[in-house]
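S.K.: Please see the structure below; I have some questions.
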Amino acid sequence: MEPSITEIFYYVFLGLLTSPAQLIIILICLYYLIKSKATADSVLLMIGSFIILLSTILTQVGVLYAKTWGSNSYLSYSFVIQGISIVGSLLFAVGLFLLIRKVIKFKTQL
């Protein structure tokens with residue numbers, strides 16, 4: 001039995017509700033992206049944080065479909081989503097490293 005659209009929205013909302021810190025991080029990254037005029041570090045921070053939030057939401061939606069997919073398919077789905085989340089975390093980490101390097105370089109010039 002396929003889930004209804006209201007069930008899907010419920011699980012998307014649940015994914016958003018379970019990650020308020022990630023939503024705040026996305027807002028901060030968006031603010032930094034706008035203020036820095038799209039530098040490499042701000043773009044990486046924004047993309048990485050968005051991918052992490054997206055993988056959190058997709059994990060919740062996958063729980064909804066786990067009943068119909070079966071355990072093997074759900075396990076494969078979980079591995080793919082975790083791989084996507086790792087990519088997002090790495091992008092965020094590289095962006096944060098570039099930002100810290102820029103701040104330290106600026107502080108030493110003062």
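Each chain in the structure tokens gets a letter, A, B and so on, in the order shown; residues start at 1 in every chain, and ligands are counted from 1 in the order they appear.
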Could you produce a table of the residues of stretch 62-109 of chain A lying within 12 Å of stretch 7-26 of chain A, with the nearest pair of atoms per residue and their separation in Å rounded to one decimal, using only C-alpha atoms, ordered by chain and increasing residue number, as a tab-separated table?
M.R.:
```
residue	atom	partner	partner_atom	distance
A:Gly62	CA	A:Tyr11	CA	8.9
A:Val63	CA	A:Tyr11	CA	8.4
A:Leu64	CA	A:Tyr11	CA	7.3
A:Tyr65	CA	A:Ile8	CA	9.3
A:Ser89	CA	A:Gln22	CA	11.8
A:Phe92	CA	A:Ile25	CA	10.6
```
S.K.: Between atom CA of A:Leu98 and atom CA of A:Asp41, measure the distance and give it in Å to one decimal.
M.R.: 5.5 Å
S.K.: Can you tell me how far atom CA of A:Met46 sits from atom CA of A:Lys107, in Å to one decimal?
M.R.: 23.9 Å
S.K.: Which distance in Å separates atom CA of A:Ile47 and atom CA of A:Leu91, to one decimal?
M.R.: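 Calculated distance between atom CA of A:Ile47 and atom CA of A:Leu91 is 7.2 Å.
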